[in-house]
>>> print(open('upload01.txt').read())   # compact mmCIF, C-alpha atoms and all ligand atoms
# COMPACT_ATOMS: atom_id res chain seq x y z
CA MET A 1 -5.17 33.99 36.46
CA SER A 2 -7.58 31.56 34.89
CA LEU A 3 -11.21 31.76 35.98
CA LEU A 4 -11.94 28.14 35.10
CA ARG A 5 -9.43 25.33 35.17
CA CYS A 6 -10.13 21.71 34.29
CA GLU A 7 -7.41 19.21 35.07
CA ALA A 8 -7.46 15.60 33.91
CA VAL A 9 -11.27 15.46 34.09
CA ALA A 10 -12.65 11.97 33.45
CA LYS A 11 -16.28 10.90 33.35
CA SER A 12 -17.74 7.64 32.14
CA PHE A 13 -21.25 6.29 31.70
CA GLY A 14 -21.11 2.56 32.20
CA GLY A 15 -18.40 1.38 29.83
CA LEU A 16 -18.43 4.57 27.80
CA GLN A 17 -15.61 7.01 28.51
CA ALA A 18 -17.35 10.33 27.77
CA LEU A 19 -14.47 12.45 29.10
CA ALA A 20 -10.97 11.02 29.24
CA GLY A 21 -8.59 13.38 30.99
CA VAL A 22 -9.69 16.77 29.70
CA GLN A 23 -7.42 19.66 30.53
CA PHE A 24 -7.90 23.33 29.68
CA GLU A 25 -8.33 26.77 31.16
CA VAL A 26 -10.53 29.78 30.52
CA GLY A 27 -9.15 33.18 31.48
CA ALA A 28 -11.32 35.97 32.88
CA GLY A 29 -12.91 37.92 30.01
CA GLU A 30 -12.17 35.26 27.41
CA ILE A 31 -14.69 33.77 25.01
CA VAL A 32 -13.66 30.18 24.41
CA GLY A 33 -15.35 27.85 21.96
CA LEU A 34 -15.78 24.17 22.73
CA ILE A 35 -16.25 22.17 19.56
CA GLY A 36 -16.09 18.59 18.39
CA PRO A 37 -18.11 15.98 16.52
CA ASN A 38 -21.41 14.62 17.91
CA GLY A 39 -20.86 12.59 21.04
CA ALA A 40 -17.41 14.12 21.66
CA GLY A 41 -18.30 14.91 25.28
CA LYS A 42 -19.02 18.65 25.04
CA SER A 43 -22.33 18.62 26.90
CA THR A 44 -20.91 16.13 29.39
CA LEU A 45 -18.08 18.56 30.08
CA VAL A 46 -20.54 21.42 30.61
CA ASN A 47 -22.60 19.19 32.90
CA THR A 48 -19.51 18.20 34.83
CA ILE A 49 -18.37 21.81 35.29
CA THR A 50 -21.83 22.74 36.59
CA GLY A 51 -22.01 19.82 39.02
CA VAL A 52 -24.72 17.86 37.22
CA HIS A 53 -22.22 15.03 36.76
CA ARG A 54 -19.41 14.17 39.14
CA PRO A 55 -16.17 13.23 37.44
CA GLU A 56 -14.44 10.03 38.54
CA HIS A 57 -11.05 11.69 38.21
CA GLY A 58 -9.54 15.11 37.89
CA SER A 59 -10.32 18.48 39.31
CA ILE A 60 -12.26 21.56 38.32
CA THR A 61 -11.57 24.92 39.90
CA PHE A 62 -13.55 28.10 39.41
CA ASP A 63 -12.03 31.38 40.55
CA GLY A 64 -9.68 29.48 42.84
CA HIS A 65 -12.46 27.39 44.42
CA GLU A 66 -12.39 23.64 44.03
CA VAL A 67 -15.85 22.87 42.62
CA THR A 68 -15.28 19.29 41.45
CA ARG A 69 -17.71 17.69 43.85
CA LEU A 70 -19.96 20.58 44.80
CA ALA A 71 -23.72 20.44 44.26
CA PRO A 72 -24.99 22.39 41.20
CA GLU A 73 -26.61 25.13 43.30
CA ARG A 74 -23.34 25.76 45.17
CA ILE A 75 -21.51 26.14 41.86
CA THR A 76 -24.23 28.50 40.58
CA ARG A 77 -23.82 30.56 43.75
CA LEU A 78 -20.13 30.95 43.04
CA GLY A 79 -21.02 32.58 39.70
CA VAL A 80 -21.25 29.85 37.07
CA ALA A 81 -24.37 30.02 34.92
CA ARG A 82 -25.43 27.81 32.08
CA THR A 83 -28.13 27.89 29.51
CA PHE A 84 -30.11 24.82 28.55
CA GLN A 85 -30.78 23.60 25.04
CA ILE A 86 -34.45 23.86 26.06
CA PRO A 87 -34.96 26.97 28.25
CA GLN A 88 -36.91 26.49 31.48
CA PRO A 89 -38.38 29.83 32.62
CA PHE A 90 -40.88 30.26 35.45
CA HIS A 91 -44.08 30.21 33.42
CA THR A 92 -46.25 31.91 36.02
CA LEU A 93 -43.98 34.96 36.17
CA SER A 94 -43.59 37.73 33.61
CA VAL A 95 -40.42 38.05 31.55
CA LEU A 96 -39.27 40.91 33.79
CA GLU A 97 -40.03 38.94 36.96
CA ASN A 98 -38.07 35.98 35.64
CA VAL A 99 -34.98 38.17 35.41
CA MET A 100 -35.76 39.80 38.76
CA VAL A 101 -35.63 36.38 40.40
CA GLY A 102 -32.10 35.98 39.08
CA VAL A 103 -31.06 39.38 40.41
CA ALA A 104 -32.78 39.05 43.79
CA PHE A 105 -31.71 35.50 44.57
CA GLY A 106 -28.48 35.23 42.62
CA ALA A 107 -24.89 35.43 43.78
CA ARG A 108 -25.18 39.08 44.83
CA GLY A 109 -28.72 39.42 46.13
CA ALA A 110 -30.64 42.70 45.83
CA SER A 111 -33.73 44.54 47.03
CA LEU A 112 -36.85 44.12 44.89
CA GLU A 113 -36.61 47.71 43.70
CA ARG A 114 -33.03 47.31 42.58
CA ALA A 115 -33.82 43.92 41.11
CA ALA A 116 -36.60 45.47 38.98
CA ARG A 117 -34.29 48.22 37.74
CA GLU A 118 -31.44 45.86 36.93
CA ALA A 119 -33.80 43.37 35.29
CA ALA A 120 -35.19 46.11 33.04
CA GLU A 121 -31.65 47.10 32.02
CA LEU A 122 -30.75 43.52 31.25
CA LEU A 123 -33.87 43.02 29.12
CA GLU A 124 -32.84 46.14 27.19
CA PHE A 125 -29.33 44.67 26.79
CA VAL A 126 -30.57 41.37 25.36
CA GLY A 127 -33.21 43.09 23.20
CA LEU A 128 -36.31 42.01 25.11
CA ALA A 129 -37.38 45.33 26.65
CA ASP A 130 -40.65 45.35 24.72
CA LYS A 131 -41.52 41.88 26.07
CA ALA A 132 -40.94 42.71 29.74
CA HIS A 133 -44.56 42.29 30.77
CA HIS A 134 -45.35 39.29 28.59
CA GLU A 135 -45.47 35.78 29.92
CA PRO A 136 -42.64 33.47 28.81
CA GLN A 137 -45.17 31.42 26.79
CA ALA A 138 -45.47 34.39 24.42
CA LEU A 139 -41.76 34.27 23.54
CA THR A 140 -40.14 32.52 20.61
CA ILE A 141 -37.39 30.01 21.34
CA ILE A 142 -34.72 32.62 20.53
CA GLU A 143 -36.35 35.12 22.84
CA LEU A 144 -36.47 32.47 25.57
CA ARG A 145 -32.74 31.94 25.17
CA ARG A 146 -32.21 35.68 25.48
CA LEU A 147 -34.35 35.63 28.61
CA GLU A 148 -32.14 32.90 30.02
CA LEU A 149 -29.09 34.95 29.24
CA ALA A 150 -30.55 38.00 31.00
CA ARG A 151 -31.41 35.82 34.00
CA ALA A 152 -27.88 34.43 34.15
CA LEU A 153 -26.30 37.88 33.88
CA GLY A 154 -28.70 39.15 36.52
CA SER A 155 -27.70 36.44 38.95
CA GLY A 156 -24.16 37.83 38.89
CA ALA A 157 -22.70 35.04 36.82
CA ARG A 158 -19.03 35.52 36.00
CA LEU A 159 -18.79 32.49 33.73
CA LEU A 160 -21.46 31.65 31.19
CA LEU A 161 -21.64 28.17 29.74
CA LEU A 162 -23.63 28.20 26.52
CA ASP A 163 -24.54 24.85 25.01
CA GLU A 164 -25.65 25.18 21.38
CA ILE A 165 -27.80 28.23 21.82
CA HIS A 166 -27.63 29.09 18.13
CA ALA A 167 -29.05 25.90 16.66
CA GLY A 168 -31.86 26.49 14.19
CA LEU A 169 -31.51 30.26 13.81
CA THR A 170 -32.15 32.06 10.53
CA PRO A 171 -29.27 34.08 9.00
CA LYS A 172 -30.77 37.31 10.34
CA GLU A 173 -31.19 35.84 13.84
CA LEU A 174 -27.62 34.54 13.69
CA GLU A 175 -26.37 38.00 12.84
CA GLU A 176 -28.27 39.40 15.85
CA ALA A 177 -26.86 36.63 18.05
CA ARG A 178 -23.32 37.37 16.90
CA GLU A 179 -23.83 41.05 17.65
CA LEU A 180 -25.14 40.22 21.14
CA LEU A 181 -22.07 38.05 21.80
CA GLN A 182 -19.82 40.94 20.79
CA ARG A 183 -21.63 43.16 23.29
CA LEU A 184 -21.22 40.49 25.96
CA ARG A 185 -17.52 40.46 25.22
CA ALA A 186 -17.42 44.27 25.58
CA ARG A 187 -19.08 43.82 28.98
CA GLY A 188 -16.20 41.58 30.05
CA VAL A 189 -18.32 38.45 30.48
CA THR A 190 -16.37 35.19 30.36
CA ILE A 191 -17.93 32.56 28.14
CA LEU A 192 -17.34 28.91 27.33
CA MET A 193 -19.57 28.09 24.40
CA VAL A 194 -20.40 24.77 22.80
CA GLU A 195 -21.31 25.46 19.22
CA HIS A 196 -21.55 23.57 15.97
CA LEU A 197 -21.84 26.72 13.86
CA MET A 198 -18.32 27.55 12.80
CA GLN A 199 -19.28 31.01 11.54
CA ILE A 200 -20.24 32.00 15.11
CA ILE A 201 -17.21 30.30 16.67
CA MET A 202 -14.82 31.92 14.20
CA ALA A 203 -16.39 35.35 14.66
CA VAL A 204 -16.49 35.60 18.45
CA CYS A 205 -14.06 33.15 20.06
CA GLU A 206 -10.48 34.09 20.74
CA ARG A 207 -9.62 30.50 21.54
CA ILE A 208 -11.09 27.11 20.70
CA VAL A 209 -10.82 23.76 22.46
CA VAL A 210 -11.59 20.72 20.33
CA LEU A 211 -12.83 17.44 21.82
CA GLU A 212 -13.14 14.07 20.14
CA PHE A 213 -14.13 10.86 21.96
CA GLY A 214 -13.74 12.64 25.30
CA ARG A 215 -10.20 13.83 24.64
CA LYS A 216 -8.86 17.25 23.81
CA ILE A 217 -7.33 16.89 20.35
CA ALA A 218 -6.53 20.54 19.68
CA GLU A 219 -6.56 23.98 21.21
CA GLY A 220 -5.68 27.37 19.78
CA THR A 221 -6.90 30.43 17.93
CA PRO A 222 -9.69 29.90 15.39
CA ALA A 223 -7.15 30.07 12.56
CA GLU A 224 -4.83 27.54 14.23
CA VAL A 225 -7.63 25.11 14.96
CA ALA A 226 -9.16 25.40 11.49
CA ALA A 227 -5.79 24.46 9.96
CA ASP A 228 -5.07 21.62 12.41
CA PRO A 229 -4.84 18.25 10.59
CA GLU A 230 -6.24 16.38 13.64
CA VAL A 231 -9.30 18.64 13.66
CA ILE A 232 -9.85 18.27 9.94
CA ARG A 233 -9.56 14.49 10.30
CA ALA A 234 -11.98 14.43 13.24
CA TYR A 235 -14.58 16.41 11.36
CA LEU A 236 -14.25 14.52 8.10
CA GLY A 237 -14.40 11.20 9.95
CA THR A 238 -17.74 11.82 11.65
CA ARG A 239 -20.02 10.53 8.92
CA ARG A 240 -19.67 6.95 10.05
CA ALA A 241 -22.41 5.60 12.32
CA GLY A 242 -22.19 5.99 16.10
CA GLY A 243 -21.00 8.70 18.46
CA ALA A 244 -18.24 8.07 20.96
CA ARG A 245 -16.10 4.98 21.20
CA ALA A 246 -16.59 2.62 24.15
CA ALA A 247 -13.90 2.74 26.83
CA GLY A 248 -10.87 0.71 25.87
CA ALA A 249 -11.98 0.41 22.26
N1 LIG A 301 -26.48 10.65 30.90
C1 LIG A 301 -25.83 9.86 30.05
N2 LIG A 301 -25.88 8.51 30.16
C2 LIG A 301 -25.21 7.69 29.31
N3 LIG A 301 -24.45 8.12 28.30
C3 LIG A 301 -24.37 9.45 28.14
C4 LIG A 301 -25.04 10.39 28.98
N4 LIG A 301 -24.75 11.63 28.56
C5 LIG A 301 -23.94 11.51 27.51
N5 LIG A 301 -23.70 10.19 27.24
C6 LIG A 301 -22.83 9.67 26.18
O1 LIG A 301 -21.56 10.30 26.33
C7 LIG A 301 -21.01 10.65 25.06
C8 LIG A 301 -20.79 12.14 25.03
O2 LIG A 301 -22.05 12.77 24.96
P1 LIG A 301 -22.25 14.34 24.96
O3 LIG A 301 -23.70 14.58 25.04
O4 LIG A 301 -21.40 14.94 26.00
O5 LIG A 301 -21.67 14.72 23.52
P2 LIG A 301 -21.70 16.12 22.76
O6 LIG A 301 -20.31 16.41 22.37
O7 LIG A 301 -22.41 17.13 23.58
O8 LIG A 301 -22.54 15.74 21.46
P3 LIG A 301 -23.59 16.63 20.59
O9 LIG A 301 -22.74 17.46 19.68
O10 LIG A 301 -24.34 15.59 19.85
O11 LIG A 301 -24.43 17.44 21.53
C9 LIG A 301 -22.01 10.15 24.01
O12 LIG A 301 -21.59 8.90 23.55
C10 LIG A 301 -23.31 10.05 24.79
O13 LIG A 301 -24.13 9.05 24.25
MG MG A 302 -24.17 18.23 23.32
>>> encode(input="upload01.txt", output="structure tokens", more="lines below")
Ligand SMILES: Nc1ncnc2c1ncn2[C@@H]1O[C@H](COP(=O)(O)OP(=O)(O)OP(=O)(O)O)[C@@H](O)[C@H]1O
Ligand SMILES: [Mg+2]
Amino acid sequence: MSLLRCEAVAKSFGGLQALAGVQFEVGAGEIVGLIGPNGAGKSTLVNTITGVHRPEHGSITFDGHEVTRLAPERITRLGVARTFQIPQPFHTLSVLENVMVGVAFGARGASLERAAREAAELLEFVGLADKAHHEPQALTIIELRRLELARALGSGARLLLLDEIHAGLTPKELEEARELLQRLRARGVTILMVEHLMQIIMAVCERIVVLEFGRKIAEGTPAEVAADPEVIRAYLGTRRAGGARAAGA
């Protein structure tokens, strides 16, 4: 059974049709890549799944629950976590405490003692154990993203939505990120990831959904998508000025 299902999801901003009937599913345990040229609607789709935007049409179900018009915090409670392009930790808490908050107040809830233990394990998992007692200000941007990931896992998230978390990484950092994603896969975490870096997408995603101008233009394995003429056209055609097309254009 699919964990996430989007059916005919449409969202517009004024006259701009950012999502025009998007349909796809993510199965439990899958890592699915969401790609497409700038302005294709990827972040809008993530924001719509997480309840930040309400679609005008269509339906989104998570684990059998209709979440289309639920408030973001209700969707989070059901087990959907997202990371932000700019992480927003609690600056007055330590790195460990930030993760503890996720564990203690997340979908499952936990005693403080258990939260501390689980948070320490998660920091180990994401490679931040040595920063547990630092303040978030002391972390690099990559470390902050790892902190966010630990927080999301700690809150009991069953679906992670990652929006361009690998932008601006060095080759070594990318290699570490790829390795972390493989370990997430081994843990059985379900991920929908927006990513411009094809090397990451090709290495970790079993399936890819391609958007262009708010529409799904292709879907398949990395090899299928990479060879798809529509995808090649969409990517080669992005050098012209402007992002998405206005509705009806
Ligand atoms: N809050 C908003 N208000 C008005 N227009 C918006 C808003 N958010 C997104 N858009 C527009 O919707 C379209 C889709 O934007 P979106 O950010 O979803 O694209 P994207 O695929 O994430 O692009 P990128 O790869 O650049 O991050 C764009 O034309 C964008 O300008
Ligand atoms: Mg985006």
>>> closest_residue(input="upload01.txt", among="A:Pro37, A:Glu73, A:Ala18, A:Gly64", to="Ile232 (chain A)", atoms="all atoms listed in the file")
A:Pro37
>>> closest_atom_pairs(input="upload01.txt", of="region 4-60 of chain A", to="region 151-164 of chain A", cutoff="10 Å", atoms="all atoms listed in the file", output="JSON lines")
{"residue": "A:Leu4", "atom": "CA", "partner": "A:Leu159", "partner_atom": "CA", "distance": 8.2}
{"residue": "A:Val26", "atom": "CA", "partner": "A:Leu159", "partner_atom": "CA", "distance": 9.3}
{"residue": "A:Gly27", "atom": "CA", "partner": "A:Leu159", "partner_atom": "CA", "distance": 9.9}
{"residue": "A:Ala28", "atom": "CA", "partner": "A:Leu159", "partner_atom": "CA", "distance": 8.3}
{"residue": "A:Gly29", "atom": "CA", "partner": "A:Leu159", "partner_atom": "CA", "distance": 8.8}
{"residue": "A:Glu30", "atom": "CA", "partner": "A:Leu159", "partner_atom": "CA", "distance": 9.6}
{"residue": "A:Ile31", "atom": "CA", "partner": "A:Leu160", "partner_atom": "CA", "distance": 9.4}
{"residue": "A:Val32", "atom": "CA", "partner": "A:Leu161", "partner_atom": "CA", "distance": 9.8}
{"residue": "A:Gly33", "atom": "CA", "partner": "A:Leu162", "partner_atom": "CA", "distance": 9.5}
{"residue": "A:Leu34", "atom": "CA", "partner": "A:Asp163", "partner_atom": "CA", "distance": 9.1}
{"residue": "A:Lys42", "atom": "CA", "partner": "A:Asp163", "partner_atom": "CA", "distance": 8.3}
{"residue": "A:Ser43", "atom": "CA", "partner": "A:Asp163", "partner_atom": "CA", "distance": 6.9}
{"residue": "A:Val46", "atom": "CA", "partner": "A:Leu161", "partner_atom": "CA", "distance": 6.9}
{"residue": "A:Asn47", "atom": "CA", "partner": "A:Leu161", "partner_atom": "CA", "distance": 9.6}
{"residue": "A:Ile49", "atom": "CA", "partner": "A:Leu161", "partner_atom": "CA", "distance": 9.1}
{"residue": "A:Thr50", "atom": "CA", "partner": "A:Leu161", "partner_atom": "CA", "distance": 8.7}
>>> residues_around(input="upload01.txt", residues="Ala218 (chain A)", least_positions_apart="2", cutoff="8 Å", atoms="only C-alpha atoms", output="count of residues only")
9
>>> closest_residue(input="upload01.txt", among="A:Thr140, A:Ala167, A:His134, A:Gly36", to="Arg233 (chain A)", atoms="all atoms listed in the file")
A:Gly36
>>> closest_residue(input="upload01.txt", among="A:Glu195, A:Pro171, A:Glu121, A:Gly79", to="ligand MG 302 (chain A)", atoms="only C-alpha atoms and all ligand atoms")
A:Glu195
>>> residues_around(input="upload01.txt", residues="Phe62 (chain A)", least_positions_apart="3", cutoff="7 Å", atoms="only C-alpha atoms", output="count of residues only")
6
>>> axis_aligned_box(input="upload01.txt", around="ligand LIG 301 (chain A)", padding_each_side="3 Å", output="JSON")
{"center_x": -23.4, "center_y": 12.6, "center_z": 25.3, "size_x": 12.2, "size_y": 15.8, "size_z": 17.2}
>>> residues_around(input="upload01.txt", residues="Leu144 (chain A)", least_positions_apart="2", cutoff="12 Å", atoms="only C-alpha atoms", output="PDB file with C-alpha atoms, in the frame of the given file")
ATOM      1  CA  THR A  83     -28.130  27.890  29.510  1.00  0.00           C
ATOM      2  CA  PHE A  84     -30.110  24.820  28.550  1.00  0.00           C
ATOM      3  CA  GLN A  85     -30.780  23.600  25.040  1.00  0.00           C
ATOM      4  CA  ILE A  86     -34.450  23.860  26.060  1.00  0.00           C
ATOM      5  CA  PRO A  87     -34.960  26.970  28.250  1.00  0.00           C
ATOM      6  CA  GLN A  88     -36.910  26.490  31.480  1.00  0.00           C
ATOM      7  CA  PRO A  89     -38.380  29.830  32.620  1.00  0.00           C
ATOM      8  CA  PHE A  90     -40.880  30.260  35.450  1.00  0.00           C
ATOM      9  CA  HIS A  91     -44.080  30.210  33.420  1.00  0.00           C
ATOM     10  CA  SER A  94     -43.590  37.730  33.610  1.00  0.00           C
ATOM     11  CA  VAL A  95     -40.420  38.050  31.550  1.00  0.00           C
ATOM     12  CA  ASN A  98     -38.070  35.980  35.640  1.00  0.00           C
ATOM     13  CA  VAL A  99     -34.980  38.170  35.410  1.00  0.00           C
ATOM     14  CA  LEU A 123     -33.870  43.020  29.120  1.00  0.00           C
ATOM     15  CA  VAL A 126     -30.570  41.370  25.360  1.00  0.00           C
ATOM     16  CA  GLY A 127     -33.210  43.090  23.200  1.00  0.00           C
ATOM     17  CA  LEU A 128     -36.310  42.010  25.110  1.00  0.00           C
ATOM     18  CA  LYS A 131     -41.520  41.880  26.070  1.00  0.00           C
ATOM     19  CA  ALA A 132     -40.940  42.710  29.740  1.00  0.00           C
ATOM     20  CA  HIS A 134     -45.350  39.290  28.590  1.00  0.00           C
ATOM     21  CA  GLU A 135     -45.470  35.780  29.920  1.00  0.00           C
ATOM     22  CA  PRO A 136     -42.640  33.470  28.810  1.00  0.00           C
ATOM     23  CA  GLN A 137     -45.170  31.420  26.790  1.00  0.00           C
ATOM     24  CA  ALA A 138     -45.470  34.390  24.420  1.00  0.00           C
ATOM     25  CA  LEU A 139     -41.760  34.270  23.540  1.00  0.00           C
ATOM     26  CA  THR A 140     -40.140  32.520  20.610  1.00  0.00           C
ATOM     27  CA  ILE A 141     -37.390  30.010  21.340  1.00  0.00           C
ATOM     28  CA  ILE A 142     -34.720  32.620  20.530  1.00  0.00           C
ATOM     29  CA  ARG A 146     -32.210  35.680  25.480  1.00  0.00           C
ATOM     30  CA  LEU A 147     -34.350  35.630  28.610  1.00  0.00           C
ATOM     31  CA  GLU A 148     -32.140  32.900  30.020  1.00  0.00           C
ATOM     32  CA  LEU A 149     -29.090  34.950  29.240  1.00  0.00           C
ATOM     33  CA  ALA A 150     -30.550  38.000  31.000  1.00  0.00           C
ATOM     34  CA  ARG A 151     -31.410  35.820  34.000  1.00  0.00           C
ATOM     35  CA  ILE A 165     -27.800  28.230  21.820  1.00  0.00           C
TER      36      ILE A 165
END
>>> closest_residue(input="upload01.txt", among="A:Val189, A:Ile60, A:Ile35, A:Ala40", to="ligand LIG 301 (chain A)", atoms="all atoms listed in the file")
A:Ala40
>>> atom_distance(input="upload01.txt", atom1="CA of Ala104 (chain A)", atom2="CA of His133 (chain A)")
17.9 Å
>>> closest_residue(input="upload01.txt", among="A:Leu78, A:Ala227, A:Leu45, A:Val22", to="ligand LIG 301 (chain A)", atoms="all atoms listed in the file")
A:Leu45
